[in-house]
Amino acid sequence: MTFTKSDSVRQRLLNAALSLMHEQGFHALTQARVAATAGVRQSHLTYYFPTRNDLLKAVVQEGKHVMTASMAASCTEGQLLDLETFKETLIQHLSTSKAPRLMLALTAACDEDISLRQWMLEFQSDIHAHFTEVLKAHGLLPTEEELMLFHCVAIGASTLGLQQGGASSQVAWLIRKAFERLIADCQQRTLSSNFPKPSNPSS
């Protein structure tokens, strides 16, 4: 793995951890292997990430940052992110082995350290808030139940893709349909709320 001189030690460690996770899975996320892949001493790693779970949380946040940065790069400054671009970017990231490996690693880590469960719930809420922010800019306001349904389908489809050995058209189709269902439900509810209710005839 190559690094540039501009990469900070912390960023090199995160890049190395992401690379190991994506290529080999959660079992490869050991402090010794990450430090060796980053080309730094293990003491440098423990300075930034005292425990493996600290490293894992940072890796998951970095994965989210990469995806949101990709979305931001798809539109010019001040331009509204259109829903089609948002959908296709989600599909692009969730149809690879990267997203399910991160989520499975985090789930496995929660079994080892129950204190991670609260952090995982907070991370999920942060994802939902970002999702809501994008849709709200288009006049759509999803309910928490609708977001959770999409979340379950997207992660389930992504995990299915990992079981099948990588990206597949079926995974992309499932995520696309779940997204379109979410948008349709939001639009239907918006129309219903804007449609004037018939007045009761006077007796």
# chains A, B, ... in the order shown; residues from 1 in each chain; ligands from 1
call {"tool": "residues_around", "arguments": {"residues": "Gln31 (chain A)", "least_positions_apart": "5", "cutoff": "12 Å", "atoms": "only C-alpha atoms", "output": "list of chain:residue names"}}
result
A:Leu13, A:Leu14, A:Ala16, A:Ala17, A:Leu20, A:Phe26, A:Ala36, A:Thr37, A:Ala38, A:Val40, A:Arg41, A:Gln42, A:Ser43, A:His44, A:Leu45, A:Thr46, A:Tyr47, A:Tyr48, A:Phe49, A:Pro50, A:Thr51, A:Arg52, A:Asn53, A:Asp54, A:Leu55, A:Leu56
call {"tool": "residues_around", "arguments": {"residues": "region 172-177 of chain A", "least_positions_apart": "2", "cutoff": "6 Å", "atoms": "only C-alpha atoms", "output": "list in words"}}
result
Ile91, Ala154, Ser169, Gln170, Phe179 and Glu180 of chain A
call {"tool": "atom_distance", "arguments": {"atom1": "CA of Arg181 (chain A)", "atom2": "CA of Lys136 (chain A)"}}
result
16.2 Å
call {"tool": "closest_residue", "arguments": {"among": "A:Met21, A:Leu94, A:Met103, A:Ala178", "to": "Leu147 (chain A)", "atoms": "only C-alpha atoms"}}
result
A:Ala178
call {"tool": "atom_distance", "arguments": {"atom1": "CA of Thr68 (chain A)", "atom2": "CA of Ala184 (chain A)"}}
result
23.3 Å
call {"tool": "select_by_dssp", "arguments": {"residues": "region 37-140 of chain A", "states": "helix (DSSP H, G or I)", "output": "PyMOL selection string"}}
result
chain A and resi 37-38+42-48+52-73+83-94+98-112+115-136
call {"tool": "write_last_selection", "arguments": {"atoms": "C-alpha atoms", "output": "PDB file, in the first residue's frame"}}
result
ATOM      1  CA  THR A  37       0.427  -1.916   6.613  1.00  0.00           C
ATOM      2  CA  ALA A  38       0.635   1.802   7.379  1.00  0.00           C
ATOM      3  CA  GLN A  42       2.500   0.134  16.760  1.00  0.00           C
ATOM      4  CA  SER A  43       3.039   2.785  19.440  1.00  0.00           C
ATOM      5  CA  HIS A  44       1.918   5.382  16.875  1.00  0.00           C
ATOM      6  CA  LEU A  45      -1.306   3.482  16.329  1.00  0.00           C
ATOM      7  CA  THR A  46      -2.109   3.158  20.034  1.00  0.00           C
ATOM      8  CA  TYR A  47      -1.437   6.878  20.455  1.00  0.00           C
ATOM      9  CA  TYR A  48      -4.287   7.708  18.072  1.00  0.00           C
ATOM     10  CA  ARG A  52      -9.163  -1.905  18.457  1.00  0.00           C
ATOM     11  CA  ASN A  53     -12.713  -0.660  18.990  1.00  0.00           C
ATOM     12  CA  ASP A  54     -11.493   2.950  18.919  1.00  0.00           C
ATOM     13  CA  LEU A  55      -9.888   2.147  15.589  1.00  0.00           C
ATOM     14  CA  LEU A  56     -13.025   0.405  14.333  1.00  0.00           C
ATOM     15  CA  LYS A  57     -15.234   3.378  15.182  1.00  0.00           C
ATOM     16  CA  ALA A  58     -12.860   5.711  13.364  1.00  0.00           C
ATOM     17  CA  VAL A  59     -12.826   3.370  10.352  1.00  0.00           C
ATOM     18  CA  VAL A  60     -16.637   3.320  10.180  1.00  0.00           C
ATOM     19  CA  GLN A  61     -16.733   7.134  10.419  1.00  0.00           C
ATOM     20  CA  GLU A  62     -14.125   7.345   7.674  1.00  0.00           C
ATOM     21  CA  GLY A  63     -16.218   5.050   5.482  1.00  0.00           C
ATOM     22  CA  LYS A  64     -19.192   7.358   5.962  1.00  0.00           C
ATOM     23  CA  HIS A  65     -17.011  10.386   5.208  1.00  0.00           C
ATOM     24  CA  VAL A  66     -15.810   8.833   1.941  1.00  0.00           C
ATOM     25  CA  MET A  67     -19.400   8.232   0.824  1.00  0.00           C
ATOM     26  CA  THR A  68     -20.674  11.714   1.736  1.00  0.00           C
ATOM     27  CA  ALA A  69     -17.607  13.304   0.118  1.00  0.00           C
ATOM     28  CA  SER A  70     -18.391  11.375  -3.055  1.00  0.00           C
ATOM     29  CA  MET A  71     -21.924  12.785  -3.013  1.00  0.00           C
ATOM     30  CA  ALA A  72     -20.658  16.334  -2.430  1.00  0.00           C
ATOM     31  CA  ALA A  73     -18.187  15.998  -5.296  1.00  0.00           C
ATOM     32  CA  LEU A  83     -32.219  12.488  -5.815  1.00  0.00           C
ATOM     33  CA  GLU A  84     -31.031  10.425  -8.780  1.00  0.00           C
ATOM     34  CA  THR A  85     -27.386  11.171  -7.973  1.00  0.00           C
ATOM     35  CA  PHE A  86     -28.034  10.489  -4.292  1.00  0.00           C
ATOM     36  CA  LYS A  87     -29.637   7.137  -5.127  1.00  0.00           C
ATOM     37  CA  GLU A  88     -26.924   6.025  -7.541  1.00  0.00           C
ATOM     38  CA  THR A  89     -24.142   7.029  -5.127  1.00  0.00           C
ATOM     39  CA  LEU A  90     -25.782   4.967  -2.392  1.00  0.00           C
ATOM     40  CA  ILE A  91     -26.072   2.005  -4.744  1.00  0.00           C
ATOM     41  CA  GLN A  92     -22.447   2.371  -5.829  1.00  0.00           C
ATOM     42  CA  HIS A  93     -21.182   2.228  -2.242  1.00  0.00           C
ATOM     43  CA  LEU A  94     -23.593  -0.397  -0.933  1.00  0.00           C
ATOM     44  CA  LYS A  98     -16.904  -2.524   1.664  1.00  0.00           C
ATOM     45  CA  ALA A  99     -20.131  -1.442   3.387  1.00  0.00           C
ATOM     46  CA  PRO A 100     -21.285  -4.881   4.591  1.00  0.00           C
ATOM     47  CA  ARG A 101     -17.800  -5.733   5.866  1.00  0.00           C
ATOM     48  CA  LEU A 102     -17.776  -2.565   7.949  1.00  0.00           C
ATOM     49  CA  MET A 103     -21.269  -3.193   9.321  1.00  0.00           C
ATOM     50  CA  LEU A 104     -20.565  -6.854  10.072  1.00  0.00           C
ATOM     51  CA  ALA A 105     -17.323  -5.888  11.794  1.00  0.00           C
ATOM     52  CA  LEU A 106     -19.144  -3.341  13.932  1.00  0.00           C
ATOM     53  CA  THR A 107     -21.840  -5.877  14.802  1.00  0.00           C
ATOM     54  CA  ALA A 108     -19.195  -8.423  15.806  1.00  0.00           C
ATOM     55  CA  ALA A 109     -17.410  -5.806  17.900  1.00  0.00           C
ATOM     56  CA  CYS A 110     -20.676  -5.004  19.719  1.00  0.00           C
ATOM     57  CA  ASP A 111     -20.792  -8.617  20.894  1.00  0.00           C
ATOM     58  CA  GLU A 112     -17.309  -8.228  22.336  1.00  0.00           C
ATOM     59  CA  SER A 115     -20.515  -0.248  25.252  1.00  0.00           C
ATOM     60  CA  LEU A 116     -20.265  -0.019  21.456  1.00  0.00           C
ATOM     61  CA  ARG A 117     -23.986  -0.615  21.071  1.00  0.00           C
ATOM     62  CA  GLN A 118     -24.921   2.893  22.172  1.00  0.00           C
ATOM     63  CA  TRP A 119     -22.317   4.350  19.828  1.00  0.00           C
ATOM     64  CA  MET A 120     -23.747   2.224  17.004  1.00  0.00           C
ATOM     65  CA  LEU A 121     -27.255   3.559  17.697  1.00  0.00           C
ATOM     66  CA  GLU A 122     -25.923   7.112  17.664  1.00  0.00           C
ATOM     67  CA  PHE A 123     -24.095   6.454  14.402  1.00  0.00           C
ATOM     68  CA  GLN A 124     -27.309   5.068  12.893  1.00  0.00           C
ATOM     69  CA  SER A 125     -29.202   8.184  14.020  1.00  0.00           C
ATOM     70  CA  ASP A 126     -26.534  10.334  12.382  1.00  0.00           C
ATOM     71  CA  ILE A 127     -26.954   8.435   9.098  1.00  0.00           C
ATOM     72  CA  HIS A 128     -30.737   8.847   9.259  1.00  0.00           C
ATOM     73  CA  ALA A 129     -30.360  12.567   9.994  1.00  0.00           C
ATOM     74  CA  HIS A 130     -28.140  13.042   6.933  1.00  0.00           C
ATOM     75  CA  PHE A 131     -30.604  11.079   4.812  1.00  0.00           C
ATOM     76  CA  THR A 132     -33.493  13.202   6.093  1.00  0.00           C
ATOM     77  CA  GLU A 133     -31.570  16.402   5.390  1.00  0.00           C
ATOM     78  CA  VAL A 134     -31.097  15.463   1.732  1.00  0.00           C
ATOM     79  CA  LEU A 135     -34.739  14.483   1.246  1.00  0.00           C
ATOM     80  CA  LYS A 136     -36.039  17.518   3.149  1.00  0.00           C
TER      81      LYS A 136
END
call {"tool": "atom_distance", "arguments": {"atom1": "CA of Leu182 (chain A)", "atom2": "CA of Gly165 (chain A)"}}
result
27.5 Å
call {"tool": "residues_around", "arguments": {"residues": "region 186-191 of chain A", "least_positions_apart": "5", "cutoff": "10 Å", "atoms": "only C-alpha atoms", "output": "PDB file with C-alpha atoms, in the first residue's frame"}}
result
ATOM      1  CA  LEU A 135     -34.739  14.483   1.246  1.00  0.00           C
ATOM      2  CA  GLY A 139     -39.674  18.860   0.097  1.00  0.00           C
ATOM      3  CA  LEU A 140     -39.837  15.273   1.384  1.00  0.00           C
ATOM      4  CA  LEU A 141     -39.916  14.298   5.041  1.00  0.00           C
ATOM      5  CA  PRO A 142     -39.487  10.553   5.683  1.00  0.00           C
ATOM      6  CA  THR A 143     -40.736   9.000   8.897  1.00  0.00           C
ATOM      7  CA  GLU A 146     -39.655   4.520   6.489  1.00  0.00           C
ATOM      8  CA  GLU A 180     -37.874   4.438  -4.947  1.00  0.00           C
ATOM      9  CA  ARG A 181     -40.431   3.031  -2.495  1.00  0.00           C
ATOM     10  CA  PRO A 196     -57.889  19.766   1.170  1.00  0.00           C
TER      11      PRO A 196
END
call {"tool": "closest_residue", "arguments": {"among": "A:Gln79, A:His22, A:Asp185, A:His27", "to": "Leu149 (chain A)", "atoms": "only C-alpha atoms"}}
result
A:Asp185
